[in-house]
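The next block is final07.pdb, given as PDB, C-alpha atoms.
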```
ATOM      1  CA  MET A 212     -41.399 -57.240 -78.729  1.00  0.00           C
ATOM      2  CA  GLY A 213     -40.470 -56.684 -82.363  1.00  0.00           C
ATOM      3  CA  SER A 214     -43.905 -57.822 -83.529  1.00  0.00           C
ATOM      4  CA  LEU A 215     -45.604 -55.393 -81.132  1.00  0.00           C
ATOM      5  CA  PHE A 216     -43.425 -52.551 -82.354  1.00  0.00           C
ATOM      6  CA  ARG A 217     -44.136 -53.261 -86.028  1.00  0.00           C
ATOM      7  CA  PHE A 218     -47.872 -53.509 -85.369  1.00  0.00           C
ATOM      8  CA  PHE A 219     -48.300 -50.299 -83.374  1.00  0.00           C
ATOM      9  CA  SER A 220     -45.842 -48.241 -85.412  1.00  0.00           C
ATOM     10  CA  ARG A 221     -48.417 -48.245 -88.231  1.00  0.00           C
ATOM     11  CA  TYR A 222     -50.531 -45.887 -86.149  1.00  0.00           C
ATOM     12  CA  PHE A 223     -47.841 -43.213 -86.463  1.00  0.00           C
ATOM     13  CA  SER A 224     -46.677 -43.726 -90.046  1.00  0.00           C
ATOM     14  CA  LYS A 225     -47.247 -40.045 -90.955  1.00  0.00           C
ATOM     15  CA  THR A 226     -44.840 -38.764 -88.322  1.00  0.00           C
ATOM     16  CA  THR A 227     -41.063 -38.550 -88.503  1.00  0.00           C
ATOM     17  CA  ARG A 228     -39.179 -41.723 -87.650  1.00  0.00           C
ATOM     18  CA  PRO A 229     -37.943 -40.437 -84.250  1.00  0.00           C
ATOM     19  CA  THR A 230     -41.494 -39.452 -83.276  1.00  0.00           C
ATOM     20  CA  GLN A 231     -42.860 -42.763 -84.541  1.00  0.00           C
ATOM     21  CA  PHE A 232     -40.278 -44.554 -82.413  1.00  0.00           C
ATOM     22  CA  LEU A 233     -41.250 -42.674 -79.241  1.00  0.00           C
ATOM     23  CA  LEU A 234     -45.022 -42.907 -79.674  1.00  0.00           C
ATOM     24  CA  THR A 235     -44.876 -46.617 -80.462  1.00  0.00           C
ATOM     25  CA  TRP A 236     -42.891 -47.319 -77.312  1.00  0.00           C
ATOM     26  CA  LEU A 237     -45.351 -45.185 -75.372  1.00  0.00           C
ATOM     27  CA  VAL A 238     -48.183 -47.516 -76.406  1.00  0.00           C
ATOM     28  CA  ILE A 239     -46.121 -50.605 -75.566  1.00  0.00           C
ATOM     29  CA  ALA A 240     -45.324 -49.140 -72.136  1.00  0.00           C
ATOM     30  CA  GLN A 241     -49.038 -48.780 -71.383  1.00  0.00           C
ATOM     31  CA  LEU A 242     -49.598 -52.411 -72.326  1.00  0.00           C
ATOM     32  CA  ALA A 243     -46.668 -53.568 -70.204  1.00  0.00           C
ATOM     33  CA  LEU A 244     -47.656 -51.633 -67.073  1.00  0.00           C
ATOM     34  CA  GLN A 245     -51.438 -51.928 -67.567  1.00  0.00           C
ATOM     35  CA  SER A 246     -51.934 -48.327 -66.443  1.00  0.00           C
ATOM     36  CA  PHE A 247     -51.160 -44.741 -67.387  1.00  0.00           C
ATOM     37  CA  PRO A 248     -51.300 -42.598 -64.232  1.00  0.00           C
ATOM     38  CA  SER A 249     -48.830 -40.150 -65.770  1.00  0.00           C
ATOM     39  CA  LEU A 250     -46.188 -39.884 -68.458  1.00  0.00           C
ATOM     40  CA  ARG A 251     -43.557 -39.514 -65.746  1.00  0.00           C
ATOM     41  CA  PHE A 252     -44.698 -42.838 -64.257  1.00  0.00           C
ATOM     42  CA  LEU A 253     -44.316 -44.634 -67.593  1.00  0.00           C
ATOM     43  CA  HIS A 254     -40.913 -43.085 -68.175  1.00  0.00           C
ATOM     44  CA  ARG A 255     -39.578 -43.893 -64.725  1.00  0.00           C
ATOM     45  CA  ASN A 256     -40.801 -47.502 -64.649  1.00  0.00           C
ATOM     46  CA  PHE A 257     -40.396 -48.601 -68.262  1.00  0.00           C
ATOM     47  CA  LEU A 258     -39.447 -46.166 -71.021  1.00  0.00           C
ATOM     48  CA  SER A 259     -36.184 -44.872 -69.578  1.00  0.00           C
ATOM     49  CA  GLN A 260     -34.898 -48.431 -69.252  1.00  0.00           C
ATOM     50  CA  VAL A 261     -35.848 -49.490 -72.777  1.00  0.00           C
ATOM     51  CA  THR A 262     -35.409 -46.473 -75.043  1.00  0.00           C
ATOM     52  CA  HIS A 263     -32.924 -44.343 -73.058  1.00  0.00           C
ATOM     53  CA  ARG A 264     -34.735 -41.173 -74.160  1.00  0.00           C
ATOM     54  CA  CYS A 265     -35.371 -38.272 -71.792  1.00  0.00           C
ATOM     55  CA  LEU A 266     -38.831 -37.454 -70.460  1.00  0.00           C
ATOM     56  CA  ASN A 267     -39.078 -34.191 -72.409  1.00  0.00           C
ATOM     57  CA  SER A 268     -38.650 -36.040 -75.705  1.00  0.00           C
ATOM     58  CA  TYR A 269     -41.941 -37.858 -75.020  1.00  0.00           C
ATOM     59  CA  TYR A 270     -43.722 -34.625 -74.178  1.00  0.00           C
ATOM     60  CA  ARG A 271     -42.551 -33.199 -77.506  1.00  0.00           C
ATOM     61  CA  ALA A 272     -43.685 -36.327 -79.366  1.00  0.00           C
ATOM     62  CA  LEU A 273     -47.168 -36.085 -77.873  1.00  0.00           C
ATOM     63  CA  ARG A 274     -47.522 -32.556 -79.291  1.00  0.00           C
ATOM     64  CA  ASN A 275     -47.293 -33.923 -82.834  1.00  0.00           C
ATOM     65  CA  GLU A 276     -50.251 -32.554 -84.809  1.00  0.00           C
ATOM     66  CA  THR A 277     -50.450 -35.422 -87.300  1.00  0.00           C
ATOM     67  CA  VAL A 278     -51.557 -37.863 -84.613  1.00  0.00           C
ATOM     68  CA  THR A 279     -55.123 -37.195 -83.468  1.00  0.00           C
ATOM     69  CA  SER A 280     -57.846 -39.247 -81.836  1.00  0.00           C
ATOM     70  CA  ARG A 281     -59.570 -39.373 -85.227  1.00  0.00           C
ATOM     71  CA  SER A 282     -56.496 -40.726 -87.019  1.00  0.00           C
ATOM     72  CA  LEU A 283     -56.115 -43.415 -84.349  1.00  0.00           C
ATOM     73  CA  ARG A 284     -59.750 -44.471 -84.736  1.00  0.00           C
ATOM     74  CA  LEU A 285     -59.473 -44.679 -88.520  1.00  0.00           C
ATOM     75  CA  GLN A 286     -56.266 -46.705 -88.338  1.00  0.00           C
ATOM     76  CA  THR A 287     -57.877 -49.116 -85.873  1.00  0.00           C
ATOM     77  CA  ALA A 288     -60.867 -49.547 -88.188  1.00  0.00           C
ATOM     78  CA  GLU A 289     -58.623 -50.262 -91.169  1.00  0.00           C
ATOM     79  CA  LEU A 290     -56.592 -52.789 -89.198  1.00  0.00           C
ATOM     80  CA  ALA A 291     -59.785 -54.472 -88.025  1.00  0.00           C
ATOM     81  CA  CYS A 292     -61.089 -54.801 -91.583  1.00  0.00           C
ATOM     82  CA  SER A 293     -57.766 -56.217 -92.743  1.00  0.00           C
ATOM     83  CA  LEU A 294     -58.508 -59.261 -90.556  1.00  0.00           C
ATOM     84  CA  ILE A 295     -61.451 -60.268 -92.749  1.00  0.00           C
ATOM     85  CA  PRO A 296     -60.395 -63.229 -94.941  1.00  0.00           C
ATOM     86  CA  ALA A 297     -61.095 -63.128 -98.662  1.00  0.00           C
ATOM     87  CA  SER A 298     -63.741 -65.841 -98.342  1.00  0.00           C
ATOM     88  CA  LEU A 299     -65.782 -63.661 -95.973  1.00  0.00           C
ATOM     89  CA  GLN A 300     -65.534 -60.321 -97.751  1.00  0.00           C
ATOM     90  CA  ASN A 301     -69.272 -60.311 -98.495  1.00  0.00           C
ATOM     91  CA  GLU A 302     -70.310 -60.955 -94.896  1.00  0.00           C
ATOM     92  CA  PRO A 303     -71.792 -58.013 -92.930  1.00  0.00           C
ATOM     93  CA  VAL A 304     -69.638 -55.879 -90.666  1.00  0.00           C
ATOM     94  CA  PHE A 305     -71.331 -54.672 -87.494  1.00  0.00           C
ATOM     95  CA  LEU A 306     -70.937 -51.266 -85.903  1.00  0.00           C
ATOM     96  CA  SER A 307     -72.106 -51.182 -82.283  1.00  0.00           C
ATOM     97  CA  VAL A 308     -72.698 -47.887 -80.512  1.00  0.00           C
ATOM     98  CA  ASP A 309     -73.164 -47.836 -76.754  1.00  0.00           C
ATOM     99  CA  ASP A 310     -72.747 -45.561 -73.759  1.00  0.00           C
ATOM    100  CA  THR A 311     -71.093 -46.351 -70.449  1.00  0.00           C
ATOM    101  CA  THR A 312     -70.850 -44.575 -67.109  1.00  0.00           C
ATOM    102  CA  VAL A 313     -67.597 -44.229 -65.179  1.00  0.00           C
ATOM    103  CA  PRO A 314     -68.041 -43.243 -61.498  1.00  0.00           C
ATOM    104  CA  LYS A 315     -65.832 -40.498 -60.064  1.00  0.00           C
ATOM    105  CA  PHE A 316     -65.246 -40.034 -56.356  1.00  0.00           C
ATOM    106  CA  GLY A 317     -64.954 -36.281 -56.447  1.00  0.00           C
ATOM    107  CA  LYS A 318     -66.709 -33.248 -57.889  1.00  0.00           C
ATOM    108  CA  LYS A 319     -63.754 -31.272 -59.273  1.00  0.00           C
ATOM    109  CA  PHE A 320     -63.150 -33.392 -62.377  1.00  0.00           C
ATOM    110  CA  ASP A 321     -63.749 -31.682 -65.700  1.00  0.00           C
ATOM    111  CA  ALA A 322     -67.244 -32.389 -67.142  1.00  0.00           C
ATOM    112  CA  VAL A 323     -68.255 -34.543 -64.163  1.00  0.00           C
ATOM    113  CA  SER A 324     -71.983 -34.554 -63.409  1.00  0.00           C
ATOM    114  CA  LEU A 325     -74.777 -36.529 -61.765  1.00  0.00           C
ATOM    115  CA  LEU A 326     -75.777 -39.279 -64.209  1.00  0.00           C
ATOM    116  CA  HIS A 327     -78.463 -41.926 -64.341  1.00  0.00           C
ATOM    117  CA  ASP A 328     -76.754 -45.326 -64.202  1.00  0.00           C
ATOM    118  CA  HIS A 329     -79.142 -47.973 -65.527  1.00  0.00           C
ATOM    119  CA  ALA A 330     -76.648 -50.718 -64.641  1.00  0.00           C
ATOM    120  CA  CYS A 331     -76.323 -49.491 -61.030  1.00  0.00           C
ATOM    121  CA  HIS A 332     -72.556 -50.070 -60.908  1.00  0.00           C
ATOM    122  CA  THR A 333     -72.390 -48.531 -57.437  1.00  0.00           C
ATOM    123  CA  GLY A 334     -75.692 -49.966 -56.253  1.00  0.00           C
ATOM    124  CA  LYS A 335     -77.479 -46.650 -56.768  1.00  0.00           C
ATOM    125  CA  PRO A 336     -79.538 -45.437 -59.743  1.00  0.00           C
ATOM    126  CA  TYR A 337     -77.595 -42.164 -59.932  1.00  0.00           C
ATOM    127  CA  VAL A 338     -73.835 -41.735 -59.884  1.00  0.00           C
ATOM    128  CA  ASN A 339     -71.393 -38.859 -59.945  1.00  0.00           C
ATOM    129  CA  GLY A 340     -69.086 -39.413 -62.899  1.00  0.00           C
ATOM    130  CA  HIS A 341     -68.441 -39.283 -66.644  1.00  0.00           C
ATOM    131  CA  CYS A 342     -70.383 -40.785 -69.525  1.00  0.00           C
ATOM    132  CA  PHE A 343     -68.609 -42.101 -72.621  1.00  0.00           C
ATOM    133  CA  VAL A 344     -70.065 -42.997 -76.005  1.00  0.00           C
ATOM    134  CA  SER A 345     -68.245 -45.957 -77.541  1.00  0.00           C
ATOM    135  CA  LEU A 346     -67.960 -47.450 -81.008  1.00  0.00           C
ATOM    136  CA  THR A 347     -67.101 -51.122 -81.562  1.00  0.00           C
ATOM    137  CA  LEU A 348     -66.470 -52.807 -84.898  1.00  0.00           C
ATOM    138  CA  SER A 349     -67.261 -56.522 -85.223  1.00  0.00           C
ATOM    139  CA  VAL A 350     -65.627 -58.235 -88.204  1.00  0.00           C
ATOM    140  CA  PRO A 351     -66.176 -61.810 -89.466  1.00  0.00           C
ATOM    141  CA  VAL A 352     -63.313 -64.277 -89.155  1.00  0.00           C
ATOM    142  CA  SER A 353     -63.242 -67.967 -89.977  1.00  0.00           C
ATOM    143  CA  SER A 354     -63.086 -70.605 -87.289  1.00  0.00           C
ATOM    144  CA  GLN A 355     -62.526 -74.185 -88.327  1.00  0.00           C
ATOM    145  CA  ARG A 356     -61.426 -77.308 -86.513  1.00  0.00           C
ATOM    146  CA  GLU A 357     -60.054 -80.374 -88.226  1.00  0.00           C
ATOM    147  CA  GLY A 358     -62.870 -82.452 -89.610  1.00  0.00           C
ATOM    148  CA  LYS A 359     -65.463 -79.788 -88.812  1.00  0.00           C
ATOM    149  CA  ALA A 360     -67.410 -77.451 -91.075  1.00  0.00           C
ATOM    150  CA  LEU A 361     -66.252 -73.868 -91.481  1.00  0.00           C
ATOM    151  CA  LEU A 362     -67.781 -71.566 -88.888  1.00  0.00           C
ATOM    152  CA  ILE A 363     -68.002 -67.798 -88.909  1.00  0.00           C
ATOM    153  CA  ARG A 364     -67.391 -65.950 -85.677  1.00  0.00           C
ATOM    154  CA  TYR A 365     -67.245 -62.233 -85.065  1.00  0.00           C
ATOM    155  CA  LEU A 366     -64.285 -60.473 -83.505  1.00  0.00           C
ATOM    156  CA  ALA A 367     -65.308 -57.308 -81.624  1.00  0.00           C
ATOM    157  CA  ILE A 368     -62.689 -54.538 -81.704  1.00  0.00           C
ATOM    158  CA  PRO A 369     -63.144 -51.230 -79.812  1.00  0.00           C
ATOM    159  CA  ILE A 370     -62.637 -48.320 -82.198  1.00  0.00           C
ATOM    160  CA  GLY A 371     -62.947 -45.294 -79.954  1.00  0.00           C
ATOM    161  CA  TYR A 372     -64.680 -43.326 -77.241  1.00  0.00           C
ATOM    162  CA  ARG A 373     -66.032 -39.794 -76.907  1.00  0.00           C
ATOM    163  CA  MET A 374     -66.749 -38.242 -73.533  1.00  0.00           C
ATOM    164  CA  TRP A 375     -70.199 -36.701 -73.221  1.00  0.00           C
ATOM    165  CA  THR A 376     -70.487 -33.103 -72.050  1.00  0.00           C
ATOM    166  CA  LYS A 377     -73.536 -30.908 -71.818  1.00  0.00           C
ATOM    167  CA  GLU A 378     -72.494 -29.070 -74.974  1.00  0.00           C
ATOM    168  CA  ARG A 379     -73.567 -31.948 -77.265  1.00  0.00           C
ATOM    169  CA  THR A 380     -75.959 -34.880 -76.975  1.00  0.00           C
ATOM    170  CA  LYS A 381     -74.831 -38.503 -76.871  1.00  0.00           C
ATOM    171  CA  LEU A 382     -76.635 -39.114 -80.146  1.00  0.00           C
ATOM    172  CA  GLU A 383     -74.591 -36.388 -81.816  1.00  0.00           C
ATOM    173  CA  LEU A 384     -71.366 -37.906 -80.499  1.00  0.00           C
ATOM    174  CA  ALA A 385     -72.452 -41.348 -81.704  1.00  0.00           C
ATOM    175  CA  SER A 386     -73.272 -39.947 -85.134  1.00  0.00           C
ATOM    176  CA  ASP A 387     -69.806 -38.375 -85.375  1.00  0.00           C
ATOM    177  CA  LEU A 388     -68.120 -41.671 -84.547  1.00  0.00           C
ATOM    178  CA  VAL A 389     -70.172 -43.583 -87.117  1.00  0.00           C
ATOM    179  CA  GLU A 390     -69.580 -40.955 -89.797  1.00  0.00           C
ATOM    180  CA  GLU A 391     -65.814 -41.045 -89.256  1.00  0.00           C
ATOM    181  CA  VAL A 392     -65.580 -44.784 -89.785  1.00  0.00           C
ATOM    182  CA  ALA A 393     -68.232 -45.089 -92.501  1.00  0.00           C
ATOM    183  CA  GLY A 394     -66.469 -42.376 -94.491  1.00  0.00           C
ATOM    184  CA  THR A 395     -63.486 -44.624 -95.169  1.00  0.00           C
ATOM    185  CA  ALA A 396     -63.279 -46.932 -98.178  1.00  0.00           C
ATOM    186  CA  VAL A 397     -62.533 -50.123 -96.271  1.00  0.00           C
ATOM    187  CA  PHE A 398     -66.108 -51.334 -95.738  1.00  0.00           C
ATOM    188  CA  ARG A 399     -68.381 -53.349 -97.975  1.00  0.00           C
ATOM    189  CA  GLN A 400     -71.457 -53.602 -95.787  1.00  0.00           C
ATOM    190  CA  LEU A 401     -72.271 -52.154 -92.384  1.00  0.00           C
ATOM    191  CA  VAL A 402     -75.098 -52.810 -89.980  1.00  0.00           C
ATOM    192  CA  CYS A 403     -75.504 -50.349 -87.147  1.00  0.00           C
ATOM    193  CA  GLN A 404     -76.811 -51.225 -83.715  1.00  0.00           C
ATOM    194  CA  ALA A 405     -77.599 -48.151 -81.631  1.00  0.00           C
ATOM    195  CA  PHE A 406     -77.714 -47.963 -77.839  1.00  0.00           C
ATOM    196  CA  ALA A 407     -81.002 -46.070 -78.169  1.00  0.00           C
ATOM    197  CA  ASP A 408     -83.164 -45.508 -81.204  1.00  0.00           C
ATOM    198  CA  ARG A 409     -84.267 -42.108 -80.050  1.00  0.00           C
ATOM    199  CA  ALA A 410     -84.716 -39.563 -82.823  1.00  0.00           C
ATOM    200  CA  GLY A 411     -84.357 -42.414 -85.320  1.00  0.00           C
ATOM    201  CA  PHE A 412     -80.600 -42.600 -84.787  1.00  0.00           C
ATOM    202  CA  ALA A 413     -80.120 -46.169 -86.062  1.00  0.00           C
ATOM    203  CA  ALA A 414     -82.294 -45.634 -89.121  1.00  0.00           C
ATOM    204  CA  SER A 415     -80.784 -42.277 -90.058  1.00  0.00           C
ATOM    205  CA  SER A 416     -77.217 -43.547 -89.570  1.00  0.00           C
ATOM    206  CA  ALA A 417     -77.851 -46.555 -91.776  1.00  0.00           C
ATOM    207  CA  ARG A 418     -79.479 -44.397 -94.435  1.00  0.00           C
ATOM    208  CA  HIS A 419     -76.847 -41.646 -94.554  1.00  0.00           C
ATOM    209  CA  TYR A 420     -73.626 -43.509 -93.767  1.00  0.00           C
ATOM    210  CA  LEU A 421     -73.923 -47.260 -94.116  1.00  0.00           C
ATOM    211  CA  GLN A 422     -75.899 -48.061 -97.245  1.00  0.00           C
ATOM    212  CA  ARG A 423     -74.187 -45.854 -99.771  1.00  0.00           C
ATOM    213  CA  PRO A 424     -71.984 -47.739-102.263  1.00  0.00           C
ATOM    214  CA  LEU A 425     -68.302 -47.702-101.345  1.00  0.00           C
TER     215      LEU A 425
END
```
If you took the structure in this file and wrote it as structure tokens, what would it be?
Amino acid sequence: MGSLFRFFSRYFSKTTRPTQFLLTWLVIAQLALQSFPSLRFLHRNFLSQVTHRCLNSYYRALRNETVTSRSLRLQTAELACSLIPASLQNEPVFLSVDDTTVPKFGKKFDAVSLLHDHACHTGKPYVNGHCFVSLTLSVPVSSQREGKALLIRYLAIPIGYRMWTKERTKLELASDLVEEVAGTAVFRQLVCQAFADRAGFAASSARHYLQRPL
């Protein structure tokens, strides 16, 4: 448990120590229970027994303005790149952008709409639900067995998701995600794979974000 706490506490290093304590345990609680139906659920079934903090203290911690979805994505990207061994620092790092559909069995969810589902998750070409644009970072790590030559394998780490609404296109959301990560100084080389090359997304992303010297 101590190793988990030390690992996830780095996501909240810019907060006060009490807030860092609460938010880190909040992440661990989600891992332990494998679900997050509500904060009250996590507190009743896990947090209250481990941290002995009241429910309102977690609500106050979640209002902290220094922790944003962007800061979490950047921290995840930095942690992912820290896994690259020194011997593989010159190997390419892959950014993969994709979209996925999540069915909803109701029409009163925010931003829910009728979507084309090319994978036919429900057996139908159209589904009522949400669409998310995702960004995954694949970093090279070494894999070697005794007596065998060194092999390079890629570890895929999800960086973040953005929910599509009719206010912006999926390509715009994908571009935002790529720009966030490519703007950090932790990358040597990036290769972008786009879920659709409409409007030259892959080419323009590589030109503007991925091939500039860092």
Region 317-330 of chain A surroundings by all atoms listed in the file, 9 Å radius, close-in-sequence under 6 positions cut, as a VMD selection string: chain A and resid 311 336 to 342 374 to 377
Shell around region 276-288 of chain A at 6 Å using only C-alpha atoms, local window under 3 positions removed, as a ChimeraX atom specification: /A:291,370-371
Selection export as a CSV table (one decimal), in the frame of the given file, atoms kept: C-alpha atoms:
```csv
chain,number,residue,atom,x,y,z
A,291,ALA,CA,-59.8,-54.5,-88.0
A,370,ILE,CA,-62.6,-48.3,-82.2
A,371,GLY,CA,-62.9,-45.3,-80.0
```
Who sits within 9 Å of Asn275 (chain A), all atoms listed in the file, same chain under 4 positions skipped, as a PyMOL selection string: chain A and resi 226+230+271+279
Length of the CA of Asn267 (chain A) to CA of Arg217 (chain A) vector [Å]: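 A separation of 24.0 Å between them.
Counting from CA of Phe232 (chain A), the distance to CA of Ser220 (chain A) is 7.3 Å.
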Leu233 (chain A) environment, 7 Å, all atoms listed in the file, sequence neighbours closer than 3 positions dropped, as a list in words: Pro229, Thr230, Trp236, Leu237, Tyr269 and Ala272 of chain A
Neighbours of point (-61.5, -57.8, -92.7) within 12 Å, using all atoms listed in the file, written as a ChimeraX atom specification: /A:287-305,348-353,365-368,397-400
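Note that CA of Leu388 (chain A) and CA of Arg373 (chain A) are 8.1 Å apart.
Across A:Leu242, A:Val392, A:Pro248, A:Lys359, the tightest approach to Leu215 (chain A) is made by A:Leu242 when counting all atoms listed in the file.
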